[in-house]
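Visitor: Before I ask anything, here is the structure I am working with.
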Amino acid sequence: SLPDHPPARTSIERLPATERPLFSTKDRDGTGATAMLVRILALACRLLPLALANFQLDSGLEDVDDLFPVTENEVVQEGGTVTLRCTVQENDNSSLQWSNPAQQTLFFDDKKALRDNRIALVFYSRHELTISISNMTLRDEGNYTCSIFTMPVRTAMAKVDVLAAPKKPEISGYIGPIADGRTITLMCNTSGSKPLPTIRWFKGGEEMEGQTYESDPTDQRAYALSNVVNLTVSPADNGAVIKCTVNHRALRQNVYTARQRIEVHYSPTVDIRASKEVPEEGEEFMLRCHGRGNPEPSYFNWLRYNGELSERAVVRHENLSFTYLNKTDAGVYQCVAKNIIGTGAKNYSLRVHGDPLDLAPATPPAPVNVSLTPSRHDSTTSSDTDPLSQLTQSSIDHAVIGGIVAVIVFIALCLFIVLVRYLIRHKGTYLTHEAKGLDDAPDADTAIINAEVGHSSSDEKKEYFI
């Protein structure tokens with residue numbers, strides 16, 4: 001009978017290459033290890049040419065990189081000199097060349113190609129070409145090209161930036177003294193810069209914030225810039241110096257500065273100083289009024305509340321003096337100072353040693369202060385409480401009355417002249433009628449007779465109408 005399982009193989013069957021294992025542990029007689037070694041050697045022979053090819057390719061790329069020119073970007077100030085340097089590590093006797101942004105050849109090896117006295121050769125060798133360009137302008141800005149004439153031609157770019165320094169700034173907008181509380185607009189202008197500068201405002205040590213506006217430049221490569229600041233002034237700003245500063249890369253550590261001193265007009269502030277704090281009765285005494293304003297006060301006046309100045313009180317400009325002080329002089333006095341902007345006032349409570357306490361009020365009236373630009377409403381309301389305004393109003397009333405009287409006198413004079421002329425004209429008419437008919441008489445006697453006859457006849461001829 002045949003066995004149930006197939007007979008064992010007596011020889012090794014060849015498997016396809018894809019099914020052959022690299023390592024086999026089935027063969028224990030050494031045949032598998034030998035086959036594995038053979039396969040390893042065959043694989044190494046296949047990979048070696050590929051490795052050699054890659055090595056040669058890498059070496060070729062390194063040789064190509066050594067032939068590429070190397071340059072650097074440059075930044076130069078307008079009017080300065082820029083140096084352009086081009087180097088190569090390896091050169092197969094190929095020529096080097098520099099060209100400008102317009103692709104005009106500047107130097108070909110050591111030979112100058114462009115007629116420009118500003119361009120000069122600094123250094124030349126097989127591995128380097130260095131040139132310089134002096135007196136740079138904004139038109140010279142751009143990309144400069146260094147070329148090496150290999151196969152193919154290799155090039156490198158060097159970007160040259162030209163910095164244009166701004167002109168010194170100017171401040172405009174101030175035309176004269178400013179009234180207290182008003183707002184002034186100042187403008188700081190500069191031009192000719194590239195790139196844009198930085199403009200800042202300062203008042204003393206305090207920086208002010210402005211608004212920047214870019215203007216249309218005359219040269220499209222440069223910038224014109226303006227910065228505007230609004231300043232509301234006060235008396236503390238009188239004599240202040242406003243500064244405008246301009247910073248720019250081309251100036252390096254330097255800063256351009258423009259200055260403007262401003263003047264502020266404000267109404268006076270008043271201070272009263274006494275020759276003695278509590279004077280004695282019978283002593284000389286003086287009050288001096290100090291007015292501080294811009295411009296300086298040109299008018300001073302002294303007033304007394306609830307009464308008139310005594311005969312012993314003498315007013316001389318800003319001084320009020322008493323030749324002989326009496327207890328009745330105790331009270332509240334006010335000094336008023338004026339300039340073209342407004343009015344300032346202050347009260348002083350005078351107490352004479354030994355005077356009754358009720359002569360000087362404990363809380364004197366508040367001093368009168370007039371605003372810088374009083375409105376009609378303000379002037380009307382302040383005239384009710386300001387003695388100086390009352391005096392001014394009284395003067396205005398007297399002036400109006402005097403004007404009315406002058407008009408009446410003028411009209412009466414005109415009527416008188418018209419009346420006199422009327423009487424003169426009628427008097428001439430009567431004389432003409434009395435001499436009527438005398439022109440026909442041949443002599444004087446006949447004329448007299450005719451005149452008498454004429455009168456009698458005129459008297460006799462009477463007609464009556466019923």
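Residues in the structure tokens are numbered from 1 in each chain, the chains being A, B, ... in the order shown, and ligands are numbered from 1 in the order shown.
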If we count only C-alpha atoms, what is near A:Met151 at a cut-off of 12 Å, once residues fewer than 6 positions away on the same chain are taken out, given as a PyMOL selection string?

Guide: chain A and resi 64+67-68+91-95

Visitor: Residues within 12 Å of A:Thr71, please, as a PyMOL selection string. Count only C-alpha atoms; anything in the same chain fewer than 5 positions from it doesn't count.

Guide: chain A and resi 83-88+98+128-131+143-147+155-160

Visitor: So, with only C-alpha atoms as the atoms that count, which of A:Val233, A:Val418, A:Val122, A:Ile242 lies closest to A:Glu170?

Guide: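 Smallest separation from A:Glu170 among the options: A:Ile242.
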
Visitor: I need the residue nearest A:Phe202 from this list: A:Thr257, A:Ser172, A:Asn189, A:Ser215. Use only C-alpha atoms for the distance.

Guide: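 Looking at the shortest contact to A:Phe202, the residue is A:Thr257.
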
Visitor: Output as a ChimeraX atom specification all residues of stretch 24-178 of chain A that backbone DSSP marks as strand (DSSP E).

Guide: /A:74-77,82-87,96-99,105-108,111-112,119-125,128-133,142-148,154-163,170-172,178

Visitor: Any chance you could export the current selection's N, CA and C atoms as a short mmCIF file (atom, residue, chain, number, x, y, z; two decimals), in the first residue's frame?

Guide:
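The resulting file, again.cif, is shown below:
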```
data_model
loop_
_atom_site.label_atom_id
_atom_site.label_comp_id
_atom_site.auth_asym_id
_atom_site.auth_seq_id
_atom_site.Cartn_x
_atom_site.Cartn_y
_atom_site.Cartn_z
N GLU A 74 24.70 97.39 0.21
CA GLU A 74 25.36 98.55 0.78
C GLU A 74 24.35 99.67 1.05
N VAL A 75 24.62 100.46 2.09
CA VAL A 75 23.83 101.65 2.42
C VAL A 75 24.79 102.83 2.48
N VAL A 76 24.48 103.90 1.75
CA VAL A 76 25.36 105.04 1.67
C VAL A 76 24.53 106.31 1.78
N GLN A 77 25.10 107.35 2.37
CA GLN A 77 24.41 108.62 2.50
C GLN A 77 24.59 109.43 1.22
N VAL A 82 30.35 104.81 -2.10
CA VAL A 82 30.01 103.42 -1.86
C VAL A 82 31.08 102.55 -2.51
N THR A 83 31.44 101.45 -1.85
CA THR A 83 32.41 100.49 -2.36
C THR A 83 31.71 99.17 -2.65
N LEU A 84 31.82 98.69 -3.90
CA LEU A 84 31.18 97.45 -4.33
C LEU A 84 32.26 96.39 -4.52
N ARG A 85 32.14 95.29 -3.78
CA ARG A 85 33.15 94.22 -3.81
C ARG A 85 32.51 92.93 -4.30
N CYS A 86 33.16 92.29 -5.30
CA CYS A 86 32.69 91.03 -5.87
C CYS A 86 33.83 90.02 -5.83
N THR A 87 33.58 88.84 -5.24
CA THR A 87 34.61 87.82 -5.10
C THR A 87 34.09 86.47 -5.59
N LEU A 96 35.44 89.09 -14.99
CA LEU A 96 34.50 89.65 -14.00
C LEU A 96 34.01 91.00 -14.50
N GLN A 97 32.77 91.33 -14.15
CA GLN A 97 32.19 92.58 -14.64
C GLN A 97 31.23 93.16 -13.59
N TRP A 98 31.22 94.52 -13.46
CA TRP A 98 30.24 95.24 -12.66
C TRP A 98 29.38 96.07 -13.60
N SER A 99 28.06 96.07 -13.39
CA SER A 99 27.13 96.89 -14.17
C SER A 99 26.16 97.59 -13.22
N THR A 105 27.70 98.69 -18.35
CA THR A 105 28.93 98.11 -17.80
C THR A 105 29.79 99.22 -17.21
N LEU A 106 30.16 99.03 -15.94
CA LEU A 106 31.03 99.99 -15.27
C LEU A 106 32.49 99.59 -15.43
N PHE A 107 32.81 98.34 -15.09
CA PHE A 107 34.17 97.81 -15.24
C PHE A 107 34.09 96.39 -15.79
N PHE A 108 34.97 96.10 -16.76
CA PHE A 108 35.13 94.75 -17.28
C PHE A 108 36.55 94.32 -16.96
N LYS A 111 39.30 97.08 -16.73
CA LYS A 111 39.11 98.09 -17.75
C LYS A 111 37.80 98.84 -17.49
N LYS A 112 37.92 100.18 -17.43
CA LYS A 112 36.75 101.02 -17.20
C LYS A 112 35.95 101.14 -18.47
N ILE A 119 33.43 106.98 -10.83
CA ILE A 119 33.68 105.54 -10.71
C ILE A 119 35.18 105.28 -10.79
N ALA A 120 35.68 104.47 -9.86
CA ALA A 120 37.12 104.17 -9.81
C ALA A 120 37.34 102.71 -9.45
N LEU A 121 38.47 102.18 -9.92
CA LEU A 121 38.86 100.80 -9.60
C LEU A 121 39.61 100.78 -8.28
N VAL A 122 39.15 99.93 -7.37
CA VAL A 122 39.81 99.80 -6.06
C VAL A 122 40.78 98.61 -6.07
N PHE A 123 40.33 97.46 -6.55
CA PHE A 123 41.19 96.27 -6.56
C PHE A 123 40.68 95.30 -7.62
N TYR A 124 41.67 94.62 -8.30
CA TYR A 124 41.30 93.61 -9.29
C TYR A 124 42.27 92.44 -9.22
N SER A 125 41.70 91.23 -9.27
CA SER A 125 42.46 90.00 -9.42
C SER A 125 41.54 88.98 -10.07
N GLU A 128 38.69 88.64 -7.52
CA GLU A 128 38.01 89.80 -6.91
C GLU A 128 38.02 90.98 -7.87
N LEU A 129 36.90 91.68 -7.90
CA LEU A 129 36.77 92.95 -8.62
C LEU A 129 36.03 93.92 -7.70
N THR A 130 36.74 94.95 -7.23
CA THR A 130 36.18 95.93 -6.29
C THR A 130 36.29 97.31 -6.91
N ILE A 131 35.16 98.04 -6.93
CA ILE A 131 35.12 99.39 -7.47
C ILE A 131 34.47 100.31 -6.44
N SER A 132 34.58 101.63 -6.66
CA SER A 132 33.95 102.62 -5.79
C SER A 132 33.24 103.67 -6.64
N ILE A 133 32.15 104.21 -6.09
CA ILE A 133 31.39 105.28 -6.75
C ILE A 133 31.24 106.40 -5.73
N GLY A 142 19.78 101.51 -6.44
CA GLY A 142 19.25 100.37 -7.19
C GLY A 142 20.10 99.13 -7.02
N ASN A 143 19.89 98.14 -7.90
CA ASN A 143 20.60 96.86 -7.86
C ASN A 143 21.78 96.88 -8.84
N TYR A 144 22.98 96.66 -8.30
CA TYR A 144 24.19 96.56 -9.11
C TYR A 144 24.53 95.08 -9.29
N THR A 145 24.99 94.72 -10.49
CA THR A 145 25.19 93.31 -10.85
C THR A 145 26.67 93.02 -11.06
N CYS A 146 27.13 91.92 -10.40
CA CYS A 146 28.46 91.39 -10.63
C CYS A 146 28.31 90.09 -11.43
N SER A 147 29.05 89.99 -12.54
CA SER A 147 28.91 88.83 -13.43
C SER A 147 30.28 88.19 -13.65
N ILE A 148 30.28 86.85 -13.77
CA ILE A 148 31.47 86.09 -14.18
C ILE A 148 31.07 85.32 -15.44
N ARG A 154 27.31 83.48 -14.67
CA ARG A 154 26.79 83.51 -13.29
C ARG A 154 26.81 84.95 -12.79
N THR A 155 25.74 85.35 -12.07
CA THR A 155 25.61 86.74 -11.61
C THR A 155 25.22 86.77 -10.14
N ALA A 156 25.47 87.93 -9.51
CA ALA A 156 25.05 88.20 -8.13
C ALA A 156 24.67 89.67 -8.04
N MET A 157 23.64 89.96 -7.24
CA MET A 157 23.11 91.32 -7.09
C MET A 157 23.58 91.95 -5.78
N ALA A 158 23.86 93.25 -5.83
CA ALA A 158 24.17 94.04 -4.64
C ALA A 158 23.22 95.23 -4.62
N LYS A 159 22.31 95.29 -3.64
CA LYS A 159 21.35 96.39 -3.55
C LYS A 159 21.99 97.56 -2.82
N VAL A 160 21.95 98.74 -3.45
CA VAL A 160 22.53 99.95 -2.87
C VAL A 160 21.40 100.90 -2.51
N ASP A 161 21.27 101.23 -1.21
CA ASP A 161 20.29 102.20 -0.72
C ASP A 161 20.98 103.51 -0.42
N VAL A 162 20.43 104.60 -0.93
CA VAL A 162 20.98 105.94 -0.71
C VAL A 162 20.09 106.66 0.29
N LEU A 163 20.68 107.13 1.37
CA LEU A 163 19.95 107.87 2.41
C LEU A 163 20.08 109.37 2.13
N GLU A 170 11.39 123.99 9.77
CA GLU A 170 10.91 125.35 9.98
C GLU A 170 9.53 125.29 10.64
N ILE A 171 9.30 126.21 11.60
CA ILE A 171 8.02 126.28 12.31
C ILE A 171 7.23 127.46 11.76
N SER A 172 5.99 127.21 11.41
CA SER A 172 5.09 128.25 10.92
C SER A 172 3.80 128.22 11.73
N ILE A 178 -0.49 135.82 21.75
CA ILE A 178 -1.75 135.08 21.80
C ILE A 178 -2.45 135.42 23.12
#
```

Visitor: Pick the closest to A:Asp66 from A:Thr190, A:Thr150, A:Thr81, A:Thr137: which is it, counting only C-alpha atoms?

Guide: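 Residue with the minimum atom-to-atom distance to A:Asp66: A:Thr150.
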
Visitor: Record the distance separating atom CA of A:Ser298 and atom CA of A:Val264, expressed in Å with one decimal.

Guide: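 Going from atom CA of A:Ser298 over to atom CA of A:Val264, I get 17.2 Å.
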
Visitor: Per DSSP on the backbone, what are the helix (DSSP H, G or I) residues of stretch 86-263 of chain A, as a list in words?

Guide: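 DSSP-assigned helix (DSSP H, G or I) residues in stretch 86-263 of chain A: Leu138, Arg139, Asp140, Pro235, Ala236, Asp237, Arg249, Ala250 and Leu251 of chain A.
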
Visitor: Take the residues just selected and output them with N, CA and C atoms as a PDB file, in the first residue's frame.

Guide:
```
ATOM      1  N   LEU A 138      20.423 110.163  -5.258  1.00  0.00           N
ATOM      2  CA  LEU A 138      19.260 109.289  -5.191  1.00  0.00           C
ATOM      3  C   LEU A 138      19.037 108.550  -6.511  1.00  0.00           C
ATOM      4  N   ARG A 139      19.495 109.120  -7.618  1.00  0.00           N
ATOM      5  CA  ARG A 139      19.340 108.451  -8.918  1.00  0.00           C
ATOM      6  C   ARG A 139      20.272 107.249  -9.059  1.00  0.00           C
ATOM      7  N   ASP A 140      21.312 107.183  -8.236  1.00  0.00           N
ATOM      8  CA  ASP A 140      22.250 106.051  -8.305  1.00  0.00           C
ATOM      9  C   ASP A 140      21.765 104.847  -7.520  1.00  0.00           C
ATOM     10  N   PRO A 235      -1.299 131.773  31.003  1.00  0.00           N
ATOM     11  CA  PRO A 235      -0.239 132.707  31.414  1.00  0.00           C
ATOM     12  C   PRO A 235       1.090 132.029  31.707  1.00  0.00           C
ATOM     13  N   ALA A 236       1.068 130.764  32.128  1.00  0.00           N
ATOM     14  CA  ALA A 236       2.330 130.067  32.391  1.00  0.00           C
ATOM     15  C   ALA A 236       3.129 129.821  31.122  1.00  0.00           C
ATOM     16  N   ASP A 237       2.487 129.887  29.953  1.00  0.00           N
ATOM     17  CA  ASP A 237       3.183 129.658  28.685  1.00  0.00           C
ATOM     18  C   ASP A 237       3.843 130.909  28.142  1.00  0.00           C
ATOM     19  N   ARG A 249      17.965 108.571   9.851  1.00  0.00           N
ATOM     20  CA  ARG A 249      19.111 107.659   9.809  1.00  0.00           C
ATOM     21  C   ARG A 249      20.343 108.339   9.222  1.00  0.00           C
ATOM     22  N   ALA A 250      20.120 109.221   8.252  1.00  0.00           N
ATOM     23  CA  ALA A 250      21.256 109.867   7.611  1.00  0.00           C
ATOM     24  C   ALA A 250      21.959 110.855   8.537  1.00  0.00           C
ATOM     25  N   LEU A 251      21.254 111.313   9.577  1.00  0.00           N
ATOM     26  CA  LEU A 251      21.858 112.255  10.525  1.00  0.00           C
ATOM     27  C   LEU A 251      22.671 111.557  11.602  1.00  0.00           C
TER      28      LEU A 251
END
```

Visitor: To one decimal place in Å, what is the distance between atom CA of A:Asn117 and atom CA of A:Tyr223?

Guide: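 Result for atom CA of A:Asn117 versus atom CA of A:Tyr223: 28.7 Å, one decimal.
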
Visitor: Return the single residue from A:Val228, A:Met136, A:Leu303, A:Val153 that is closest to A:Thr185, with distances computed using only C-alpha atoms.

Guide: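 Ranking A:Val228, A:Met136, A:Leu303, A:Val153 by distance to A:Thr185, first place goes to A:Val228.
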